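Participant: Below you'll find data.txt; it's compact mmCIF, C-alpha atoms.
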# COMPACT_ATOMS: atom_id res chain seq x y z
CA MET A 1 9.10 -1.57 -16.06
CA ALA A 2 8.10 -3.41 -12.91
CA SER A 3 10.32 -5.91 -11.19
CA THR A 4 9.12 -9.45 -10.58
CA GLY A 5 9.04 -9.11 -6.82
CA ASN A 6 11.37 -11.10 -4.59
CA SER A 7 13.02 -13.29 -7.21
CA ARG A 8 15.84 -10.83 -7.92
CA ALA A 9 15.99 -9.11 -4.55
CA HIS A 10 19.23 -10.83 -3.59
CA GLN A 11 21.04 -10.29 -6.87
CA GLY A 12 23.54 -7.53 -7.63
CA PRO A 13 22.91 -4.94 -10.33
CA ALA A 14 25.33 -6.69 -12.64
CA ALA A 15 23.11 -9.76 -12.67
CA GLU A 16 20.79 -8.27 -15.25
CA LYS A 17 20.90 -4.80 -16.72
CA LYS A 18 17.56 -3.82 -18.09
CA SER A 19 16.73 -1.21 -20.68
CA PRO A 20 13.93 0.64 -18.93
CA ASN A 21 12.44 4.00 -19.74
CA MET A 22 14.51 5.91 -17.23
CA GLU A 23 13.19 9.15 -15.80
CA PHE A 24 14.99 12.35 -14.80
CA GLY A 25 17.52 11.98 -17.63
CA GLY A 26 18.70 8.50 -16.69
CA VAL A 27 22.04 7.89 -15.01
CA LEU A 28 23.48 11.26 -16.04
CA GLY A 29 20.40 13.08 -14.80
CA ALA A 30 20.58 11.21 -11.48
CA VAL A 31 24.21 12.26 -11.01
CA VAL A 32 23.40 15.89 -11.82
CA ILE A 33 20.48 15.94 -9.36
CA ILE A 34 22.39 14.14 -6.59
CA PHE A 35 25.13 16.77 -6.65
CA GLY A 36 23.01 19.64 -7.92
CA LEU A 37 20.34 19.79 -5.21
CA PRO A 38 22.82 20.39 -2.36
CA CYS A 39 24.40 23.14 -4.47
CA VAL A 40 20.98 24.79 -4.89
CA ILE A 41 20.42 24.89 -1.12
CA VAL A 42 23.87 26.34 -0.50
CA ALA A 43 23.47 28.85 -3.35
CA MET A 44 20.11 30.00 -2.02
CA PHE A 45 21.72 30.69 1.34
CA ALA A 46 24.57 32.60 -0.30
CA VAL A 47 22.32 34.68 -2.56
CA CYS A 48 19.60 35.39 0.00
CA ASN A 49 21.23 36.62 3.19
CA PRO A 50 20.68 39.47 5.71
CA GLU A 51 22.36 42.02 3.40
CA THR A 52 20.83 41.12 0.05
CA CYS A 53 18.43 38.72 -1.64
CA SER A 54 18.78 39.16 -5.37
CA VAL A 55 19.35 36.83 -8.29
CA SER A 56 21.60 39.52 -9.80
CA ASP A 57 24.02 38.97 -6.93
CA ALA A 58 24.34 35.26 -7.64
CA PHE A 59 27.76 35.47 -9.28
CA SER A 60 29.19 37.84 -6.70
CA ALA A 61 27.77 36.09 -3.65
CA ARG A 62 30.30 34.71 -1.22
CA LEU A 63 29.97 31.68 0.98
CA PRO A 64 31.35 31.49 4.51
CA PRO A 65 34.82 29.92 4.77
CA LEU A 66 34.75 26.25 3.79
CA ASP A 67 35.97 25.13 7.18
CA SER A 68 32.90 26.71 8.78
CA LEU A 69 30.34 24.95 6.57
CA PHE A 70 30.50 21.72 8.52
CA SER A 71 29.68 21.73 12.20
CA ALA A 72 29.93 18.60 14.34
CA HIS A 73 27.47 20.18 16.74
CA ALA A 74 24.96 20.81 13.95
CA LEU A 75 25.33 17.19 12.84
CA LEU A 76 24.69 16.08 16.41
CA VAL A 77 21.56 18.24 16.53
CA VAL A 78 20.23 16.66 13.30
CA VAL A 79 20.99 13.12 14.50
CA ALA A 80 19.38 13.87 17.88
CA TRP A 81 16.30 15.24 16.09
CA LEU A 82 15.98 12.04 14.05
CA ALA A 83 16.57 9.88 17.13
CA PHE A 84 13.87 11.77 19.03
CA HIS A 85 11.35 11.26 16.25
CA SER A 86 12.36 7.62 15.86
CA PHE A 87 11.58 7.14 19.54
CA LEU A 88 8.18 8.80 19.14
CA TYR A 89 7.50 6.68 16.04
CA ILE A 90 7.81 3.40 17.93
CA LEU A 91 5.62 4.49 20.84
CA PRO A 92 2.15 2.83 20.93
CA LEU A 93 0.32 6.02 19.97
CA GLY A 94 -2.58 6.44 17.56
CA THR A 95 -4.05 3.60 15.55
CA VAL A 96 -2.65 0.86 13.32
CA VAL A 97 -4.07 0.55 9.81
CA GLU A 98 -3.38 -1.50 6.68
CA GLY A 99 -1.86 0.02 3.58
CA GLN A 100 -2.70 -0.70 -0.05
CA PRO A 101 -2.17 -4.25 -1.42
CA LEU A 102 1.38 -4.95 -2.62
CA ARG A 103 2.24 -6.87 -5.78
CA ASP A 104 2.14 -10.16 -3.90
CA GLY A 105 -1.28 -9.36 -2.42
CA THR A 106 -0.04 -8.68 1.10
CA LYS A 107 -0.65 -5.48 3.01
CA LEU A 108 1.76 -3.68 5.33
CA THR A 109 0.55 -2.14 8.56
CA TYR A 110 1.25 1.46 9.57
CA ARG A 111 0.89 3.32 12.84
CA ILE A 112 -1.01 6.59 12.36
CA SER A 113 0.49 8.80 15.06
CA GLY A 114 1.98 11.79 13.26
CA PHE A 115 -0.41 14.28 14.89
CA TYR A 116 0.54 13.04 18.36
CA THR A 117 4.21 13.26 17.41
CA PHE A 118 3.65 16.87 16.35
CA ILE A 119 1.93 17.81 19.61
CA ILE A 120 4.58 16.10 21.75
CA THR A 121 7.35 17.82 19.78
CA ILE A 122 5.77 21.24 20.31
CA LEU A 123 5.29 20.61 24.04
CA VAL A 124 8.88 19.42 24.48
CA LEU A 125 10.34 22.40 22.61
CA VAL A 126 8.13 24.93 24.39
CA GLY A 127 9.07 23.37 27.72
CA ALA A 128 12.77 23.42 26.83
CA LEU A 129 12.49 27.08 25.77
CA TYR A 130 10.51 28.17 28.81
CA PHE A 131 12.55 26.35 31.45
CA ASP A 132 15.83 27.01 29.62
CA ASP A 133 18.74 25.67 31.70
CA SER A 134 16.49 23.87 34.18
CA LEU A 135 16.18 20.86 31.88
CA ILE A 136 18.66 18.51 30.24
CA ILE A 137 17.23 19.54 26.87
CA THR A 138 17.69 23.17 25.90
CA PHE A 139 16.20 24.96 22.93
CA ASN A 140 17.64 28.18 21.55
CA PRO A 141 15.70 29.27 18.44
CA VAL A 142 18.35 31.84 17.50
CA TYR A 143 20.86 28.98 17.17
CA VAL A 144 18.84 27.66 14.21
CA TYR A 145 19.03 31.04 12.47
CA ASP A 146 22.73 31.48 13.20
CA ASN A 147 23.59 27.92 12.08
CA TYR A 148 21.03 27.51 9.31
CA LEU A 149 23.53 26.52 6.63
CA GLN A 150 25.46 24.19 8.95
CA LEU A 151 22.22 22.43 9.89
CA ALA A 152 21.27 22.17 6.21
CA ILE A 153 24.63 20.62 5.33
CA ALA A 154 24.34 18.20 8.25
CA SER A 155 20.90 17.16 6.95
CA MET A 156 22.40 16.64 3.48
CA ILE A 157 25.10 14.39 4.95
CA VAL A 158 22.55 12.35 6.89
CA SER A 159 20.22 11.96 3.90
CA GLY A 160 23.14 10.99 1.64
CA ALA A 161 24.36 8.39 4.14
CA LEU A 162 20.82 7.06 4.51
CA SER A 163 20.53 6.71 0.72
CA VAL A 164 23.72 4.63 0.54
CA PHE A 165 22.48 2.45 3.40
CA LEU A 166 19.10 1.97 1.71
CA TYR A 167 20.73 0.89 -1.54
CA ALA A 168 22.97 -1.64 0.22
CA TYR A 169 20.13 -2.84 2.43
CA SER A 170 17.95 -3.56 -0.60
CA PHE A 171 20.17 -6.52 -1.58
CA ARG A 172 19.08 -8.64 1.36
CA GLN A 173 17.00 -11.74 0.69
CA GLY A 174 13.27 -11.09 0.41
CA ALA A 175 13.32 -7.35 -0.25
CA MET A 176 10.48 -6.23 -2.51
CA LEU A 177 11.96 -3.97 -5.16
CA ALA A 178 10.46 -0.90 -6.78
CA GLY A 179 10.11 -1.11 -10.55
CA ALA A 180 11.66 2.27 -11.35
CA GLY A 181 14.65 1.73 -9.05
CA ASP A 182 15.48 -1.81 -10.15
CA THR A 183 17.31 -1.10 -13.40
CA GLY A 184 20.73 -2.58 -12.62
CA TYR A 185 22.45 0.83 -12.86
CA PRO A 186 23.73 1.52 -9.33
CA VAL A 187 23.72 5.33 -9.32
CA TYR A 188 20.28 5.55 -10.88
CA ASP A 189 18.85 2.90 -8.57
CA LEU A 190 20.37 4.61 -5.53
CA PHE A 191 18.72 7.84 -6.65
CA MET A 192 15.27 6.40 -7.41
CA GLY A 193 15.25 3.94 -4.52
CA ARG A 194 15.77 0.25 -5.16
CA GLU A 195 13.49 -1.12 -2.47
CA LEU A 196 9.80 -0.24 -2.30
CA ASN A 197 9.18 -0.29 1.46
CA PRO A 198 12.44 -0.80 3.35
CA ARG A 199 11.83 -1.81 6.96
CA ILE A 200 13.96 -2.69 9.93
CA GLY A 201 11.62 -4.96 11.81
CA SER A 202 8.34 -3.05 11.87
CA PHE A 203 10.08 0.35 11.48
CA ASP A 204 9.15 1.58 8.00
CA LEU A 205 11.96 3.93 6.94
CA LYS A 206 10.13 5.54 4.02
CA TYR A 207 6.89 6.11 5.89
CA PHE A 208 8.79 7.53 8.87
CA CYS A 209 10.70 10.08 6.78
CA GLU A 210 7.75 11.05 4.61
CA LEU A 211 5.76 13.07 7.15
CA ARG A 212 7.63 13.36 10.43
CA PRO A 213 11.18 14.69 10.92
CA GLY A 214 11.41 16.95 7.85
CA LEU A 215 7.84 18.25 7.81
CA ILE A 216 7.78 19.01 11.52
CA ALA A 217 11.26 20.58 11.25
CA TRP A 218 9.79 22.94 8.64
CA VAL A 219 7.37 24.33 11.24
CA VAL A 220 10.02 24.45 13.96
CA ILE A 221 12.50 26.32 11.75
CA ASN A 222 9.79 28.82 10.79
CA PHE A 223 9.12 29.45 14.48
CA CYS A 224 12.85 29.93 15.08
CA MET A 225 12.92 32.56 12.35
CA ALA A 226 9.97 34.42 13.91
CA TYR A 227 11.59 34.21 17.35
CA THR A 228 14.85 35.56 15.96
CA GLN A 229 13.03 38.47 14.32
CA TYR A 230 11.49 39.30 17.70
CA VAL A 231 14.92 39.17 19.39
CA LYS A 232 16.36 41.48 16.74
CA PHE A 233 13.59 44.06 16.46
CA GLY A 234 11.32 43.59 19.48
CA TYR A 235 8.28 42.59 17.42
CA VAL A 236 7.13 40.07 14.80
CA SER A 237 5.88 41.48 11.49
CA ASN A 238 2.47 40.52 10.14
CA SER A 239 4.15 38.98 7.09
CA MET A 240 6.14 36.66 9.36
CA VAL A 241 2.97 35.76 11.25
CA LEU A 242 1.18 34.96 7.99
CA VAL A 243 3.85 32.65 6.60
CA ASN A 244 4.12 30.85 9.94
CA VAL A 245 0.37 30.39 10.27
CA PHE A 246 -0.15 29.39 6.62
CA GLN A 247 2.57 26.76 6.67
CA PHE A 248 1.70 25.55 10.17
CA LEU A 249 -1.85 24.81 9.01
CA TYR A 250 -0.51 23.03 5.91
CA VAL A 251 1.70 20.73 7.99
CA LEU A 252 -1.02 20.22 10.59
CA ASP A 253 -3.44 19.16 7.86
CA ALA A 254 -0.89 16.67 6.49
CA LEU A 255 -0.45 15.11 9.92
CA VAL A 256 -4.16 15.06 10.77
CA SER A 257 -4.81 13.44 7.37
CA GLU A 258 -1.80 11.11 7.70
CA LYS A 259 -3.71 8.01 6.65
CA ALA A 260 -4.32 9.52 3.21
CA ILE A 261 -0.62 9.29 2.34
CA LEU A 262 -0.95 5.50 2.19
CA THR A 263 -2.72 5.85 -1.17
CA THR A 264 -0.12 8.17 -2.75
CA MET A 265 2.52 7.29 -5.31
CA ASP A 266 5.30 8.00 -2.84
CA ILE A 267 4.16 5.05 -0.71
CA ILE A 268 2.73 2.59 -3.22
CA VAL A 269 4.96 3.15 -6.28
CA GLU A 270 8.20 5.00 -5.52
CA GLY A 271 11.22 3.26 -4.08
CA PHE A 272 12.96 4.83 -1.13
CA GLY A 273 16.29 6.25 -2.20
CA TYR A 274 18.09 9.56 -2.52
CA MET A 275 15.20 11.30 -4.28
CA LEU A 276 12.79 10.90 -1.37
CA ALA A 277 15.33 10.78 1.46
CA PHE A 278 17.00 14.05 0.45
CA GLY A 279 13.66 15.65 -0.28
CA ASP A 280 12.18 14.66 3.08
CA LEU A 281 15.14 15.41 5.32
CA ALA A 282 17.03 18.26 3.62
CA TRP A 283 15.06 19.88 0.79
CA VAL A 284 11.76 20.43 2.59
CA PRO A 285 13.08 21.94 5.84
CA PHE A 286 15.77 24.07 4.16
CA THR A 287 14.07 25.38 1.03
CA TYR A 288 10.46 25.64 2.19
CA THR A 289 11.61 27.91 5.04
CA LEU A 290 13.11 30.45 2.65
CA GLN A 291 10.27 32.95 3.13
CA ALA A 292 10.57 32.95 6.92
CA ARG A 293 14.37 33.23 6.74
CA PHE A 294 14.09 36.14 4.31
CA LEU A 295 11.64 37.96 6.59
CA VAL A 296 13.84 37.71 9.69
CA ASP A 297 15.90 40.71 8.60
CA ARG A 298 13.12 42.47 6.70
CA PRO A 299 10.31 43.10 9.20
CA GLU A 300 8.23 45.43 7.05
CA SER A 301 4.51 44.96 7.64
CA LEU A 302 2.05 44.35 4.82
CA PRO A 303 -0.92 46.71 4.35
CA VAL A 304 -4.29 45.49 5.59
CA TRP A 305 -5.63 44.89 2.08
CA ALA A 306 -2.64 42.64 1.28
CA VAL A 307 -3.13 40.65 4.49
CA ILE A 308 -6.81 40.10 3.67
CA PHE A 309 -6.00 39.16 0.07
CA LEU A 310 -3.35 36.61 1.10
CA VAL A 311 -5.57 35.08 3.79
CA VAL A 312 -8.39 34.64 1.28
CA LEU A 313 -6.00 33.27 -1.36
CA ASN A 314 -4.49 30.75 1.05
CA LEU A 315 -7.94 29.66 2.26
CA LEU A 316 -9.08 29.20 -1.34
CA GLY A 317 -6.07 27.03 -2.09
CA PHE A 318 -6.57 25.05 1.09
CA TYR A 319 -10.28 24.56 0.31
CA ILE A 320 -9.47 23.10 -3.11
CA PHE A 321 -6.54 21.06 -1.78
CA ARG A 322 -8.42 19.56 1.16
CA GLY A 323 -11.65 19.05 -0.77
CA ALA A 324 -9.93 17.23 -3.62
CA ASN A 325 -7.72 15.09 -1.39
CA GLY A 326 -10.60 14.26 0.94
CA GLN A 327 -12.82 13.21 -1.96
CA LYS A 328 -10.08 11.05 -3.49
CA ASP A 329 -9.26 9.38 -0.18
CA GLN A 330 -12.92 8.67 0.57
CA PHE A 331 -13.46 7.21 -2.90
CA ARG A 332 -10.42 4.94 -2.64
CA ASN A 333 -11.29 3.68 0.83
CA ASP A 334 -15.07 3.39 0.47
CA PRO A 335 -16.50 4.06 -3.02
CA ASN A 336 -20.00 3.27 -1.68
CA HIS A 337 -19.93 6.12 0.84
CA PRO A 338 -22.87 8.50 0.25
CA SER A 339 -20.52 11.44 -0.39
CA VAL A 340 -18.92 9.75 -3.42
CA SER A 341 -21.26 6.93 -4.46
CA ASN A 342 -23.08 9.08 -7.04
CA LEU A 343 -19.94 10.39 -8.73
CA LYS A 344 -19.30 9.33 -12.32
CA THR A 345 -16.50 6.82 -12.90
CA ILE A 346 -14.83 4.78 -15.62
CA PRO A 347 -14.37 1.04 -14.89
CA THR A 348 -11.03 -0.65 -15.57
CA GLU A 349 -9.99 -4.22 -16.24
CA LEU A 350 -8.23 -4.29 -12.86
CA GLY A 351 -11.52 -3.92 -11.03
CA ARG A 352 -10.85 -0.35 -9.92
CA SER A 353 -12.74 2.68 -11.18
CA LEU A 354 -11.36 6.03 -12.30
CA LEU A 355 -13.08 9.09 -10.88
CA ILE A 356 -14.22 11.64 -13.49
CA ASP A 357 -16.64 13.73 -11.44
CA GLY A 358 -16.62 16.17 -8.55
CA TRP A 359 -13.26 17.81 -7.94
CA TRP A 360 -11.65 15.18 -10.16
CA GLY A 361 -13.84 16.07 -13.13
CA MET A 362 -12.43 19.62 -13.18
CA CYS A 363 -8.91 18.44 -13.95
CA ARG A 364 -6.70 15.41 -13.33
CA LYS A 365 -4.88 16.95 -10.37
CA PRO A 366 -7.14 19.45 -8.57
CA ASN A 367 -5.13 18.90 -5.38
CA TYR A 368 -2.06 20.22 -7.21
CA LEU A 369 -4.02 23.34 -8.17
CA GLY A 370 -4.85 23.99 -4.52
CA ASP A 371 -1.24 23.33 -3.54
CA LEU A 372 0.05 25.87 -6.06
CA ILE A 373 -2.43 28.56 -4.98
CA MET A 374 -1.35 28.15 -1.35
CA GLY A 375 2.32 28.18 -2.33
CA PHE A 376 1.91 31.48 -4.15
CA ALA A 377 0.27 33.00 -1.07
CA TRP A 378 3.23 31.90 1.06
CA CYS A 379 5.72 33.48 -1.34
CA ALA A 380 3.71 36.68 -1.64
CA THR A 381 4.11 37.35 2.10
CA CYS A 382 7.59 38.59 1.10
CA GLY A 383 6.21 41.22 -1.26
CA VAL A 384 6.98 41.50 -4.96
CA SER A 385 10.49 42.99 -5.00
CA HIS A 386 12.52 39.78 -4.64
CA ILE A 387 11.93 37.07 -7.25
CA ILE A 388 14.04 34.59 -5.30
CA CYS A 389 11.34 34.53 -2.61
CA TYR A 390 9.11 32.95 -5.25
CA PHE A 391 11.52 30.05 -5.65
CA TYR A 392 8.99 27.74 -4.01
CA SER A 393 6.24 28.65 -6.48
CA ILE A 394 8.54 28.33 -9.50
CA TYR A 395 10.08 25.08 -8.31
CA PHE A 396 6.80 23.55 -7.16
CA THR A 397 4.99 24.39 -10.38
CA THR A 398 7.79 22.72 -12.33
CA ILE A 399 7.87 19.64 -10.10
CA LEU A 400 4.09 19.19 -10.06
CA VAL A 401 3.80 19.54 -13.84
CA HIS A 402 6.49 16.88 -14.14
CA ARG A 403 4.85 14.75 -11.45
CA GLN A 404 1.50 14.90 -13.19
CA ARG A 405 3.08 13.70 -16.42
CA ARG A 406 4.77 10.85 -14.54
CA ASP A 407 1.40 9.92 -13.04
CA ASP A 408 -0.13 10.05 -16.52
CA LEU A 409 2.45 7.60 -17.89
CA HIS A 410 2.00 5.32 -14.89
CA GLY A 411 -1.79 5.37 -15.37
CA ALA A 412 -1.50 4.62 -19.09
CA ARG A 413 0.73 1.60 -18.41
CA LYS A 414 -1.52 0.37 -15.62
CA TYR A 415 -5.02 0.93 -17.03
CA GLY A 416 -4.48 0.90 -20.80
CA ALA A 417 -7.60 1.75 -22.84
CA ALA A 418 -9.52 2.88 -19.74
CA TRP A 419 -6.88 5.56 -19.15
CA GLU A 420 -7.25 6.88 -22.69
CA LYS A 421 -10.99 7.15 -22.12
CA TYR A 422 -10.31 8.88 -18.81
CA ARG A 423 -8.06 11.48 -20.47
CA LYS A 424 -10.80 12.31 -22.97
CA HIS A 425 -13.32 12.85 -20.17
CA VAL A 426 -10.89 14.94 -18.11
CA PRO A 427 -8.72 16.79 -20.67
CA TYR A 428 -7.14 19.35 -18.36
CA ARG A 429 -4.16 18.31 -16.27
CA ILE A 430 -3.88 20.89 -13.46
CA PHE A 431 -5.37 24.24 -14.50
CA PRO A 432 -9.02 23.89 -15.68
CA GLY A 433 -9.56 25.50 -19.06
CA ILE A 434 -5.85 26.29 -19.43
CA TYR A 435 -3.62 23.25 -19.04
Take the structure in this file and express it as structure tokens.

Facilitator:
Amino acid sequence: MASTGNSRAHQGPAAEKKSPNMEFGGVLGAVVIIFGLPCVIVAMFAVCNPETCSVSDAFSARLPPLDSLFSAHALLVVVAWLAFHSFLYILPLGTVVEGQPLRDGTKLTYRISGFYTFIITILVLVGALYFDDSLIITFNPVYVYDNYLQLAIASMIVSGALSVFLYAYSFRQGAMLAGAGDTGYPVYDLFMGRELNPRIGSFDLKYFCELRPGLIAWVVINFCMAYTQYVKFGYVSNSMVLVNVFQFLYVLDALVSEKAILTTMDIIVEGFGYMLAFGDLAWVPFTYTLQARFLVDRPESLPVWAVIFLVVLNLLGFYIFRGANGQKDQFRNDPNHPSVSNLKTIPTELGRSLLIDGWWGMCRKPNYLGDLIMGFAWCATCGVSHIICYFYSIYFTTILVHRQRRDDLHGARKYGAAWEKYRKHVPYRIFPGIY
């Protein structure tokens, strides 16, 4: 149920309580997720540690003393990391492009500079590591391993505080609200994100968090795990190399293709609240690095055949993922381009066409298929003895199935009869011939 734009942006949630079709189990579901996700991160750390990594140990696992979970220094590190990336974000790097039209017909501008931010970050950290105490900035990769949980909790605190700020900030005059986060139920709206594109001046908070601090931290934490393994054992296992290289390429591709995110639901539909803030700043860097953290203390090398198999599997997933996303982005930006102009489409009453050919004729979300294949390859670098190492694959399959169904509902509401025709032409959701 979409909001009417700016007319209610200054009103409190008590002004009008709607009866929308709430997602994620409504208010109760939002509460469970808000408190449940931090517990999952902490539980994963407790269950998967240097001594053991088994689901069967879940009920006997012990956390460090409560007074050691919070570290002021770790919080300072997280805040400094965000400040550093905020500084890089405002630098005049890259190009400035327009986003998709908003409800009122206007377009926001975005600076495409994520790749440059990535390169600068790597150079700064390598310099700080190489020169050590010669610079003001020092970088000790082993610190990240030793204080992994404290850094995760600090990131949770920051993302929670940001979510509260975003909710309060959305009540200012002129804020454009997101339909799903404008229900009048405070906890639910805080979770979903009440404002569509919250900005402080030209600083777009959602766009900044989406690709930069959390995604780049994922790569940095992985490197810290590999460095720590080298310090402990004097070498880096081929499984650690694989997971670092696979995930590095994934993040690099996201940053090189940064402009493509402007056509995704996260930017054009979702509000910016706890769901995205926690996901970007805490969930991604501290759950997606599980494989590298597991491998730190388990440096067994994979046989050559397994290395070859995983490389091929990851490349296959990447080929599907990049091909599908590239085709979609090209079609949305220039449907008359020779590479997409001959593809079959279904016209809609809104003037846009739905792609039913090429990658997008195989299934409705071929990019999800590629994503899942890559994710399985990442998990498989840890072998087959520890199911918890496949948390990413299990979680991501669940979330993408749910996300596809959300997209389906959104498309049905937006395109009506054309969407029904589209579903008949492309019956499979993610897995061609299966689902």

Participant: Please list, as number ranges by chain, the residues that have an atom at most 6 Å away from (8.5, 25.3, -0.9) in the coordinates of this file, counting all atoms listed in the file.

Facilitator: A: 287-288, 392

Participant: Okay, now the selection with C-alpha atoms, as a PDB file, in the coordinates of the input?

Facilitator:
ATOM      1  CA  THR A 287      14.070  25.380   1.030  1.00  0.00           C
ATOM      2  CA  TYR A 288      10.460  25.640   2.190  1.00  0.00           C
ATOM      3  CA  TYR A 392       8.990  27.740  -4.010  1.00  0.00           C
TER       4      TYR A 392
END

Participant: Determine the nearest neighbour of Pro101 of chain A from the options A:Leu205, A:Val269, A:Val384, A:Ala175, counting only C-alpha atoms.

Facilitator: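 So, comparing all the options, the nearest one is A:Val269.
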
Participant: Could you state the separation of atom CA of Ala46 of chain A and atom CA of Pro299 of chain A in Å, given to one decimal place?

Facilitator: 20.1 Å

Participant: Using atom CA of Gly26 of chain A and atom CA of Ala152 of chain A as the two end points, give the distance in Å to one decimal.

Facilitator: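 The value is 26.8 Å.
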
Participant: For Tyr89 of chain A, which residue among A:Tyr188, A:Tyr167, A:Phe24, A:Tyr207 is the nearest when counting all atoms listed in the file?

Facilitator: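 Under the stated criterion, the closest residue is A:Tyr207.
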
Participant: What is the atom CA of Leu28 of chain A to atom CA of Pro186 of chain A distance in Å?

Facilitator: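 Value for the atom CA of Leu28 of chain A-atom CA of Pro186 of chain A distance: 11.8 Å.
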
Participant: May I ask which of the residues A:Trp81, A:Val307, A:Leu129, A:Glu98 is the closest one to Ala377 of chain A, counting all atoms listed in the file?

Facilitator: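 Using all atoms listed in the file, Ala377 of chain A sits closest to A:Val307.
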
Participant: Could you name the residues that touch Thr263 of chain A at 10 Å or less, counting all atoms listed in the file, but leaving out those on the same chain fewer than 3 positions away, as a PDB file with C-alpha atoms, in the frame of the given file?

Facilitator:
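In the end it all went to part-v2.pdb:
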ATOM      1  CA  GLY A  99      -1.860   0.020   3.580  1.00  0.00           C
ATOM      2  CA  GLN A 100      -2.700  -0.700  -0.050  1.00  0.00           C
ATOM      3  CA  LYS A 259      -3.710   8.010   6.650  1.00  0.00           C
ATOM      4  CA  ALA A 260      -4.320   9.520   3.210  1.00  0.00           C
ATOM      5  CA  ASP A 266       5.300   8.000  -2.840  1.00  0.00           C
ATOM      6  CA  ILE A 267       4.160   5.050  -0.710  1.00  0.00           C
ATOM      7  CA  ILE A 268       2.730   2.590  -3.220  1.00  0.00           C
ATOM      8  CA  VAL A 269       4.960   3.150  -6.280  1.00  0.00           C
ATOM      9  CA  LYS A 328     -10.080  11.050  -3.490  1.00  0.00           C
ATOM     10  CA  ASP A 329      -9.260   9.380  -0.180  1.00  0.00           C
ATOM     11  CA  ARG A 332     -10.420   4.940  -2.640  1.00  0.00           C
ATOM     12  CA  ASN A 333     -11.290   3.680   0.830  1.00  0.00           C
TER      13      ASN A 333
END

Participant: With distances taken over only C-alpha atoms, which of A:Gly383, A:Gly433, A:Gly351, A:Gly214 is nearest to Leu295 of chain A?

Facilitator: A:Gly383

Participant: Would you list the residues near (11.8, 38.1, -3.4) (no more than 9 Å away, in the coordinates of the file, using all atoms listed in the file) as a PyMOL selection string?

Facilitator: chain A and resi 48+53-54+291+294+379-380+382-391

Participant: Can you tell me which residues surround Gly160 of chain A at a distance of at most 8 Å, considering all atoms listed in the file, apart from same-chain residues fewer than 6 positions away, and format the answer as a list of chain:residue names?

Facilitator: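 Contacts, in chain order: A:Tyr274, A:Ala277, A:Phe278.
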
Participant: Pull C-alpha atoms from the residues just selected and write them as an mmCIF file, keeping the file's coordinate frame.

Facilitator:
data_model
loop_
_atom_site.group_PDB
_atom_site.id
_atom_site.type_symbol
_atom_site.label_atom_id
_atom_site.label_comp_id
_atom_site.auth_asym_id
_atom_site.auth_seq_id
_atom_site.Cartn_x
_atom_site.Cartn_y
_atom_site.Cartn_z
ATOM 1 C CA TYR A 274 18.090 9.560 -2.520
ATOM 2 C CA ALA A 277 15.330 10.780 1.460
ATOM 3 C CA PHE A 278 17.000 14.050 0.450
#

Participant: Find the residue from A:Leu102, A:Pro338, A:Ile373, A:Glu23 that sits nearest to Arg405 of chain A; use only C-alpha atoms when measuring.

Facilitator: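 Closest to Arg405 of chain A, using only C-alpha atoms: A:Glu23.
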
Participant: Hey, what's within 9 Å of Leu343 of chain A if we count only C-alpha atoms and toss same-chain stuff fewer than 4 positions away? As a list in words, please?

Facilitator: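 Here the answer would be Ser339, Leu355, Ile356, Asp357 and Gly358 of chain A.
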
Participant: Rank nothing, just name the residue among A:Ala306, A:Leu281, A:Val311, A:Val231 nearest to Phe208 of chain A, using only C-alpha atoms.

Facilitator: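 Selected residue with least distance to Phe208 of chain A: A:Leu281.
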
Participant: Env of Lys344 of chain A: 12 Å cut, atoms = only C-alpha atoms, seq-sep filter 6 positions within chain, self excluded. Answer as a list in words.

Facilitator: Phe331, Pro335, Ser353, Leu354, Leu355, Ile356, Asp357, Gly358, Trp359, Trp360, Gly361, Tyr422, His425 and Val426 of chain A

Participant: Within 6 Å of Leu255 of chain A, counting all atoms listed in the file, which residues qualify if same-chain residues fewer than 2 places away don't, as a PyMOL selection string?

Facilitator: chain A and resi 114-115+252-253+257-258
